[in-house]
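See below for structure_16.tsv, which holds TSV, C-alpha atoms.
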```tsv
chain	number	residue	atom	x	y	z
A	1	MET	CA	0.00	0.00	0.00
A	2	ALA	CA	2.88	2.38	0.80
A	3	LEU	CA	4.28	1.96	-2.71
A	4	ASP	CA	0.87	2.70	-4.22
A	5	LEU	CA	0.38	5.63	-1.88
A	6	PHE	CA	3.47	7.42	-3.11
A	7	LYS	CA	3.22	6.21	-6.68
A	8	LYS	CA	4.14	9.03	-9.00
A	9	VAL	CA	1.30	10.33	-11.13
A	10	ASP	CA	1.20	12.63	-14.11
A	11	THR	CA	1.92	16.19	-13.07
A	12	ARG	CA	-1.08	18.41	-13.55
A	13	LYS	CA	-0.11	21.99	-14.14
A	14	GLY	CA	-3.47	23.48	-13.22
A	15	LEU	CA	-6.07	23.26	-10.49
A	16	PHE	CA	-8.04	20.19	-9.54
A	17	ALA	CA	-11.78	20.29	-10.20
A	18	ILE	CA	-12.46	20.49	-6.45
A	19	GLU	CA	-10.18	23.54	-6.21
A	20	LYS	CA	-11.84	25.27	-9.14
A	21	VAL	CA	-15.31	24.96	-7.64
A	22	SER	CA	-13.97	26.13	-4.28
A	23	LEU	CA	-12.53	29.25	-5.89
A	24	ILE	CA	-15.82	29.89	-7.70
A	25	TYR	CA	-17.73	29.70	-4.40
A	26	ASN	CA	-15.06	31.90	-2.81
A	27	LEU	CA	-15.52	34.51	-5.54
A	28	LEU	CA	-19.33	34.45	-5.47
A	29	THR	CA	-19.50	34.93	-1.71
A	30	SER	CA	-16.80	37.63	-1.86
A	31	ILE	CA	-18.95	39.58	-4.32
A	32	LEU	CA	-21.93	39.12	-1.99
A	33	ILE	CA	-19.92	40.48	0.93
A	34	LEU	CA	-19.13	43.60	-1.07
A	35	PHE	CA	-22.84	44.10	-1.82
A	36	LEU	CA	-23.79	43.60	1.85
A	37	PHE	CA	-20.71	45.29	3.28
A	38	GLN	CA	-22.58	47.82	5.43
A	39	GLU	CA	-24.92	45.23	6.94
A	40	MET	CA	-22.31	42.59	7.84
A	41	ASP	CA	-20.58	42.35	11.21
A	42	HIS	CA	-17.00	41.72	10.06
A	43	PRO	CA	-16.78	41.87	6.26
A	44	VAL	CA	-13.07	42.79	6.19
A	45	ARG	CA	-12.15	39.68	8.13
A	46	MET	CA	-14.32	37.51	5.87
A	47	LEU	CA	-12.71	38.95	2.74
A	48	THR	CA	-9.26	38.46	4.24
A	49	ASP	CA	-10.06	34.82	5.03
A	50	ARG	CA	-11.16	34.30	1.43
A	51	LEU	CA	-7.99	35.84	0.07
A	52	LEU	CA	-5.86	33.59	2.29
A	53	ILE	CA	-7.82	30.51	1.19
A	54	ALA	CA	-7.30	31.42	-2.47
A	55	ILE	CA	-3.57	31.98	-1.93
A	56	MET	CA	-3.24	28.65	-0.11
A	57	THR	CA	-5.07	26.89	-2.96
A	58	PHE	CA	-2.64	28.18	-5.58
A	59	LEU	CA	0.33	27.48	-3.31
A	60	LEU	CA	-0.72	23.84	-2.95
A	61	MET	CA	-1.06	23.60	-6.72
A	62	TYR	CA	2.56	24.67	-7.18
A	63	LEU	CA	3.86	22.50	-4.33
A	64	TYR	CA	2.17	19.52	-5.95
A	65	ARG	CA	4.51	19.84	-8.91
A	66	LEU	CA	7.47	19.08	-6.61
A	67	ALA	CA	6.00	15.73	-5.56
A	68	PRO	CA	3.18	14.67	-7.87
A	69	CYS	CA	1.98	11.45	-6.23
A	70	ARG	CA	-1.26	10.01	-4.96
A	71	PHE	CA	-0.58	11.14	-1.40
A	72	SER	CA	0.01	14.77	-2.36
A	73	ALA	CA	-3.15	14.65	-4.49
A	74	PHE	CA	-5.03	13.39	-1.44
A	75	VAL	CA	-3.63	16.25	0.66
A	76	ARG	CA	-4.87	18.83	-1.85
A	77	ALA	CA	-8.35	17.33	-1.85
A	78	ALA	CA	-8.41	16.83	1.93
A	79	ILE	CA	-7.55	20.47	2.61
A	80	GLN	CA	-10.39	21.69	0.39
A	81	MET	CA	-12.82	19.31	2.08
A	82	SER	CA	-11.64	20.33	5.54
A	83	LEU	CA	-12.49	23.93	4.63
A	84	LEU	CA	-16.16	22.93	4.60
A	85	SER	CA	-15.99	23.38	8.38
A	86	TYR	CA	-15.24	27.05	7.67
A	87	TRP	CA	-17.76	27.54	4.87
A	88	TYR	CA	-20.69	26.05	6.83
A	89	PRO	CA	-20.89	28.53	9.76
A	90	ASP	CA	-19.96	31.23	7.26
A	91	THR	CA	-23.48	30.91	5.79
A	92	PHE	CA	-24.86	32.28	9.06
A	93	GLU	CA	-22.92	35.51	8.59
A	94	PHE	CA	-25.03	36.13	5.49
A	95	ASN	CA	-28.46	34.74	6.27
A	96	ARG	CA	-28.87	36.39	9.66
A	97	ILE	CA	-29.10	39.68	7.76
A	98	PHE	CA	-32.26	38.49	6.00
A	99	PRO	CA	-35.70	37.93	7.64
A	100	ASN	CA	-35.97	34.48	9.15
A	101	LEU	CA	-38.39	32.07	7.41
A	102	ASP	CA	-38.95	29.46	10.11
A	103	HIS	CA	-42.51	30.60	10.69
A	104	ILE	CA	-43.36	29.55	7.13
A	105	PHE	CA	-41.75	26.13	7.41
A	106	ALA	CA	-43.18	25.40	10.86
A	107	SER	CA	-46.64	26.42	9.59
A	108	VAL	CA	-46.34	24.15	6.56
A	109	GLU	CA	-45.25	21.33	8.86
A	110	GLN	CA	-48.27	21.97	11.08
A	111	TRP	CA	-50.61	22.04	8.07
A	112	LEU	CA	-49.23	18.85	6.53
A	113	PHE	CA	-48.98	16.72	9.67
A	114	GLY	CA	-51.32	18.39	12.15
A	115	GLY	CA	-48.44	19.09	14.49
A	116	GLN	CA	-44.66	19.02	14.76
A	117	PRO	CA	-43.15	15.58	14.02
A	118	ALA	CA	-39.84	16.67	15.54
A	119	ILE	CA	-41.56	17.06	18.92
A	120	TRP	CA	-43.67	13.92	18.57
A	121	PHE	CA	-40.66	11.79	17.66
A	122	SER	CA	-38.46	12.84	20.58
A	123	GLU	CA	-41.26	12.90	23.17
A	124	THR	CA	-42.58	9.48	22.17
A	125	TRP	CA	-39.20	7.74	22.31
A	126	PRO	CA	-36.88	9.36	24.87
A	127	GLN	CA	-35.53	5.97	25.92
A	128	MET	CA	-31.82	5.22	25.78
A	129	TRP	CA	-32.26	2.35	23.30
A	130	ILE	CA	-33.77	4.82	20.81
A	131	SER	CA	-31.84	7.97	21.70
A	132	GLU	CA	-28.33	6.49	21.64
A	133	PRO	CA	-28.50	4.75	18.23
A	134	LEU	CA	-30.04	7.85	16.65
A	135	ASN	CA	-27.40	10.13	18.13
A	136	MET	CA	-24.73	7.67	17.01
A	137	GLY	CA	-26.13	7.89	13.49
A	138	TYR	CA	-26.11	11.69	13.58
A	139	PHE	CA	-22.52	11.72	14.85
A	140	ALA	CA	-21.50	9.33	12.04
A	141	TYR	CA	-22.09	12.02	9.39
A	142	TYR	CA	-18.52	13.23	8.96
A	143	PRO	CA	-16.97	9.76	9.48
A	144	MET	CA	-19.20	8.57	6.61
A	145	ILE	CA	-17.74	11.25	4.35
A	146	LEU	CA	-14.23	10.25	5.37
A	147	VAL	CA	-14.87	6.54	4.82
A	148	VAL	CA	-16.27	7.02	1.30
A	149	VAL	CA	-13.50	9.41	0.24
A	150	VAL	CA	-10.71	7.19	1.63
A	151	TRP	CA	-12.26	4.06	0.07
A	152	TYR	CA	-12.20	5.64	-3.37
A	153	PHE	CA	-8.69	6.95	-2.79
A	154	LEU	CA	-7.39	3.49	-1.90
A	155	PHE	CA	-9.38	1.28	-4.24
A	156	ARG	CA	-10.69	3.44	-7.12
A	157	PHE	CA	-8.19	6.26	-7.45
A	158	ASP	CA	-9.31	6.82	-11.02
A	159	LEU	CA	-12.63	8.11	-9.61
A	160	PHE	CA	-11.18	9.90	-6.58
A	161	GLU	CA	-11.25	13.39	-8.08
A	162	LYS	CA	-14.81	12.94	-9.32
A	163	VAL	CA	-16.01	11.81	-5.89
A	164	CYS	CA	-14.37	14.77	-4.16
A	165	PHE	CA	-15.84	17.16	-6.71
A	166	VAL	CA	-19.36	15.78	-6.32
A	167	ILE	CA	-19.18	16.02	-2.53
A	168	VAL	CA	-17.76	19.54	-2.32
A	169	THR	CA	-19.88	20.98	-5.13
A	170	SER	CA	-23.04	19.53	-3.59
A	171	PHE	CA	-22.11	21.10	-0.26
A	172	PHE	CA	-21.61	24.47	-1.94
A	173	VAL	CA	-25.01	24.25	-3.63
A	174	TYR	CA	-26.61	23.63	-0.25
A	175	TYR	CA	-24.61	26.49	1.30
A	176	LEU	CA	-25.84	28.91	-1.34
A	177	ILE	CA	-29.40	27.87	-0.56
A	178	TYR	CA	-28.80	28.43	3.15
A	179	ILE	CA	-27.51	31.94	2.52
A	180	PHE	CA	-30.70	33.02	0.76
A	181	VAL	CA	-33.24	30.78	2.54
A	182	PRO	CA	-32.62	31.53	6.24
A	183	VAL	CA	-34.26	28.68	8.15
A	184	ALA	CA	-32.79	27.76	11.54
A	185	GLY	CA	-34.82	24.66	12.42
A	186	PRO	CA	-36.88	23.73	15.51
A	187	GLN	CA	-33.94	23.63	17.91
A	188	PHE	CA	-33.43	27.38	17.39
A	189	TYR	CA	-36.86	28.63	16.35
A	190	PHE	CA	-38.95	26.96	19.08
A	191	PRO	CA	-37.06	28.52	22.02
A	192	ALA	CA	-37.23	31.86	20.19
A	193	ILE	CA	-41.05	31.85	20.07
A	194	GLY	CA	-41.71	29.94	23.31
A	195	GLU	CA	-43.21	26.54	24.12
A	196	GLU	CA	-46.71	27.97	24.50
A	197	ASN	CA	-46.86	29.14	20.90
A	198	VAL	CA	-45.49	25.84	19.63
A	199	ALA	CA	-48.07	23.88	21.63
A	200	GLN	CA	-50.89	26.03	20.22
A	201	GLY	CA	-49.58	25.85	16.65
A	202	ILE	CA	-48.81	29.57	16.54
A	203	PHE	CA	-45.67	30.42	14.61
A	204	PRO	CA	-44.93	34.15	14.50
A	205	ALA	CA	-42.37	35.74	12.23
A	206	ILE	CA	-39.26	36.79	14.16
A	207	GLY	CA	-37.49	38.91	11.52
A	208	ASP	CA	-33.77	39.23	12.15
A	209	TYR	CA	-33.97	37.77	15.68
A	210	PHE	CA	-31.04	35.44	15.01
A	211	HIS	CA	-28.81	38.33	14.10
A	212	HIS	CA	-28.27	38.78	17.83
A	213	HIS	CA	-29.47	35.48	19.36
A	214	GLN	CA	-28.17	31.92	19.06
A	215	GLU	CA	-29.98	30.16	21.91
A	216	LEU	CA	-30.27	26.43	21.23
A	217	LEU	CA	-32.71	23.90	22.67
A	218	PRO	CA	-31.04	21.11	24.68
A	219	GLY	CA	-31.19	17.92	22.65
A	220	PRO	CA	-33.98	15.47	23.52
A	221	GLY	CA	-33.35	11.87	24.50
A	222	TYR	CA	-31.30	10.04	27.09
A	223	GLU	CA	-29.16	12.79	28.64
A	224	HIS	CA	-26.56	10.43	30.15
A	225	GLY	CA	-25.81	8.64	26.90
A	226	PHE	CA	-22.32	8.67	25.39
A	227	PHE	CA	-23.43	9.60	21.86
A	228	TYR	CA	-26.04	12.00	23.20
A	229	ASN	CA	-23.29	14.01	24.87
A	230	LEU	CA	-21.04	13.84	21.81
A	231	VAL	CA	-23.79	15.31	19.64
A	232	GLU	CA	-24.92	17.79	22.29
A	233	GLY	CA	-21.36	19.03	22.84
A	234	SER	CA	-20.74	19.51	19.12
A	235	GLN	CA	-24.10	21.24	18.71
A	236	GLN	CA	-23.50	23.68	21.54
A	237	VAL	CA	-20.01	24.53	20.31
A	238	GLY	CA	-20.30	24.55	16.52
A	239	GLU	CA	-23.96	24.85	15.52
A	240	ARG	CA	-25.50	28.08	14.24
A	241	PRO	CA	-29.12	29.04	13.47
A	242	THR	CA	-28.68	28.24	9.79
A	243	ALA	CA	-28.82	25.42	7.25
A	244	ALA	CA	-32.15	23.80	8.08
A	245	PHE	CA	-33.76	23.63	4.62
A	246	PRO	CA	-33.10	21.37	2.91
A	247	SER	CA	-31.28	19.05	5.29
A	248	SER	CA	-27.72	18.68	4.04
A	249	HIS	CA	-27.24	15.84	6.54
A	250	VAL	CA	-29.89	13.84	4.70
A	251	GLY	CA	-28.93	15.17	1.28
A	252	MET	CA	-25.19	14.62	1.53
A	253	SER	CA	-25.49	11.23	3.24
A	254	THR	CA	-27.83	10.16	0.43
A	255	ILE	CA	-25.22	11.21	-2.12
A	256	LEU	CA	-22.60	9.31	-0.14
A	257	MET	CA	-24.77	6.20	-0.21
A	258	ILE	CA	-25.19	6.49	-3.99
A	259	MET	CA	-21.42	6.69	-4.41
A	260	ALA	CA	-20.86	3.89	-1.90
A	261	GLY	CA	-23.31	1.66	-3.77
A	262	ARG	CA	-21.63	2.39	-7.09
A	263	GLY	CA	-18.23	1.61	-5.60
A	264	SER	CA	-18.78	-1.44	-3.43
A	265	ARG	CA	-21.77	-3.45	-2.32
A	266	TRP	CA	-20.09	-4.14	1.03
A	267	LEU	CA	-19.29	-0.49	1.60
A	268	PHE	CA	-22.94	0.35	0.95
A	269	LEU	CA	-24.21	-2.33	3.33
A	270	CYS	CA	-21.79	-1.29	6.09
A	271	LEU	CA	-22.88	2.36	5.88
A	272	LEU	CA	-26.61	1.67	5.44
A	273	PRO	CA	-27.49	1.36	9.18
A	274	PHE	CA	-25.70	4.63	9.96
A	275	TYR	CA	-27.44	6.33	7.05
A	276	LEU	CA	-30.92	5.27	8.20
A	277	LEU	CA	-30.20	6.32	11.78
A	278	LEU	CA	-28.78	9.65	10.60
A	279	CYS	CA	-31.88	10.46	8.55
A	280	GLY	CA	-34.11	9.74	11.52
A	281	ALA	CA	-31.87	11.64	13.91
A	282	THR	CA	-32.10	14.91	11.99
A	283	VAL	CA	-35.75	15.16	13.00
A	284	TYR	CA	-35.39	13.40	16.37
A	285	ILE	CA	-32.84	15.88	17.77
A	286	GLN	CA	-35.00	18.72	16.34
A	287	ALA	CA	-32.28	20.01	14.04
A	288	HIS	CA	-34.75	19.86	11.14
A	289	TYR	CA	-38.42	19.84	10.31
A	290	LEU	CA	-39.60	16.66	8.63
A	291	ILE	CA	-40.08	18.57	5.37
A	292	ASP	CA	-36.38	19.54	5.55
A	293	ALA	CA	-35.41	15.88	5.65
A	294	ILE	CA	-37.74	14.99	2.77
A	295	ALA	CA	-36.38	17.89	0.71
A	296	GLY	CA	-32.83	16.79	1.52
A	297	PHE	CA	-33.48	13.30	0.15
A	298	VAL	CA	-35.21	14.52	-3.02
A	299	SER	CA	-32.62	17.22	-3.72
A	300	ALA	CA	-29.77	14.75	-3.27
A	301	ILE	CA	-30.85	12.65	-6.24
A	302	GLY	CA	-31.10	15.66	-8.52
A	303	LEU	CA	-27.83	17.11	-7.24
A	304	TYR	CA	-25.94	13.88	-7.82
A	305	VAL	CA	-27.14	13.68	-11.42
A	306	VAL	CA	-26.44	17.35	-12.21
A	307	VAL	CA	-23.06	17.59	-10.46
A	308	THR	CA	-21.85	14.33	-12.00
A	309	TRP	CA	-22.82	15.70	-15.40
A	310	MET	CA	-20.94	18.92	-14.63
A	311	PHE	CA	-17.78	16.99	-13.85
A	312	LYS	CA	-17.98	14.90	-17.01
A	313	ARG	CA	-18.88	17.87	-19.20
A	314	TRP	CA	-16.44	20.46	-17.83
A	315	PHE	CA	-13.47	18.49	-16.55
A	316	VAL	CA	-13.28	15.07	-18.16
A	317	ALA	CA	-13.79	16.53	-21.62
A	318	ALA	CA	-11.12	19.12	-20.89
```
Starting from the file, give its structure as structure tokens.
Amino acid sequence: MALDLFKKVDTRKGLFAIEKVSLIYNLLTSILILFLFQEMDHPVRMLTDRLLIAIMTFLLMYLYRLAPCRFSAFVRAAIQMSLLSYWYPDTFEFNRIFPNLDHIFASVEQWLFGGQPAIWFSETWPQMWISEPLNMGYFAYYPMILVVVVWYFLFRFDLFEKVCFVIVTSFFVYYLIYIFVPVAGPQFYFPAIGEENVAQGIFPAIGDYFHHHQELLPGPGYEHGFFYNLVEGSQQVGERPTAAFPSSHVGMSTILMIMAGRGSRWLFLCLLPFYLLLCGATVYIQAHYLIDAIAGFVSAIGLYVVVTWMFKRWFVAA
């Protein structure tokens, strides 16, 4: 494996597909910052971050020429994928400027189901034997991404760049939606309007409430569970009132399952239990409305088809 890992590959003089789409997203959001400059809290810092990311991207491209092997290609892709942890909370810096839309989504949920499935689910099954597996599934989200990417790197390197491109581009599509469709989800919206309103099915508009508030509901379920505390700790530290519709957890994990199934039957079967638990957990922990999860699943299929076509049309042909 070590010999394969450092096997020399053809030197590519330009950017990888994953780096090109990252720079495009960087540019689009930089332009948006300039348009919203007066309304944003720290636009100079955001623009500086984007400039540094762009410089680092080109620097890695030139360093790759010194040691063009599979490992250095993996490093380039891994750095771009790790930046998703920066781009995700970054969406909040934009969408908190716009009027929050949770009242619309909670009202649609109420109209469709006669109540709030997120509350029903967690209140009906607070037991440890339900709570812990679901929280484990939710926590498995990023490990699932890592497993699929590493599997393709090790066993189907010829498809490695395509897989990375599909994952990162799909994330960026979801992030653009989150910027312009500011929905925080039940765990943020319900404490903002109060339990009484939720119980009565009253969902008032709260405008730019989340511009200055980030209070988060404690997660439901078995509070002494190991995975419960892992998820709760990560939520309290890294979550923002953003990115509820559509659910990227459901959408991206669905895309991962499609790629896993196309790569290996055993990989698909190993990830399937975590995928099912993750989809259920998004509603159970009240991170999403049920309609968010449904939209995440439906959008994932369309995204996979379109983004795969983009890669074949723009990069393979080139």
When you look at A:Asn135 with a cut-off of 7 Å (counting all atoms listed in the file), what residues show up, excluding the ones that are within fewer than 6 positions of it in the same chain? I need them as an mmCIF file with C-alpha atoms, keeping the file's coordinate frame.
```cif
data_model
loop_
_atom_site.group_PDB
_atom_site.id
_atom_site.type_symbol
_atom_site.label_atom_id
_atom_site.label_comp_id
_atom_site.auth_asym_id
_atom_site.auth_seq_id
_atom_site.Cartn_x
_atom_site.Cartn_y
_atom_site.Cartn_z
ATOM 1 C CA PHE A 227 -23.430 9.600 21.860
ATOM 2 C CA TYR A 228 -26.040 12.000 23.200
ATOM 3 C CA VAL A 231 -23.790 15.310 19.640
ATOM 4 C CA ALA A 281 -31.870 11.640 13.910
#
```
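Comparing A:Thr48, A:Gln200, A:Thr242, A:Thr124 by their smallest distance to A:Asp90, the closest is A:Thr242 (using only C-alpha atoms).
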Residue nearest A:Glu239 - candidates A:Ala184, A:Val147, A:Val198, A:Met257, atoms counted: all atoms listed in the file: A:Ala184
Using all atoms listed in the file, tabulate the residues of stretch 187-207 of chain A lying at most 12 Å from any atom of stretch 289-298 of chain A, each with its closest atom pair and that distance in Å to one decimal, by chain and increasing residue number, as a Markdown table.
```
| residue | atom | partner | partner_atom | distance |
| --- | --- | --- | --- | --- |
| A:Gln187 | CA | A:Tyr289 | CA | 9.6 |
| A:Phe188 | CA | A:Tyr289 | CA | 11.5 |
| A:Tyr189 | CA | A:Tyr289 | CA | 10.8 |
| A:Phe190 | CA | A:Tyr289 | CA | 11.3 |
```
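As for atom CA of A:Val183 and atom CA of A:Gln286, they are spaced 12.9 Å apart.
Near A:Ala17, within 9 Å and counting all atoms listed in the file, sit A:Glu161, A:Lys162, A:Cys164, A:Phe165, A:Phe311, A:Trp314, A:Phe315; same-chain residues fewer than 6 positions away were not included.
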Taking all atoms listed in the file into account, name the residue in A:Phe171, A:Phe153, A:Tyr88, A:Phe180 that is nearest to A:Tyr304.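 Smallest distance to A:Tyr304 is found for A:Phe171.
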Pick the closest to A:Gln235 from A:Phe157, A:Tyr284, A:Phe139, A:Phe16: which is it, counting all atoms listed in the file?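 Of the candidates, the smallest distance to A:Gln235 is held by A:Phe139.
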Go through A:Ser170, A:Glu215, A:Ser234, A:Pro273 and flag the residue nearest A:Val306, using all atoms listed in the file for the distances.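 With all atoms listed in the file as the atom set, the closest residue is A:Ser170.
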For A:Ile97, which residue out of A:Leu267, A:Ile33, A:Ala54, A:Val21 is the nearest one, using only C-alpha atoms?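 Closest candidate: A:Ile33.
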In Å to one decimal, how far is atom CA of A:Ala243 from atom CA of A:Thr57? 25.9 Å
Could you write out as JSON the box around stretch 149-155 of chain A (axis-aligned, all atoms listed in the file, 8 Å on each side), with centre and edge lengths in Å to one decimal?
```
{"center_x": -10.4, "center_y": 5.3, "center_z": -1.3, "size_x": 22.1, "size_y": 24.1, "size_z": 21.9}
```
Neighbourhood query: residues within 8 Å of (-30.3, 41.1, 7.4), file coordinates, counting all atoms listed in the file; return as a ChimeraX atom specification. /A:39,94-99,208,211
Atom CA of A:Glu109 to atom CA of A:Gly201, distance in Å rounded to a single decimal: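 We find that atom CA of A:Glu109 and atom CA of A:Gly201 lie 10.0 Å from each other.
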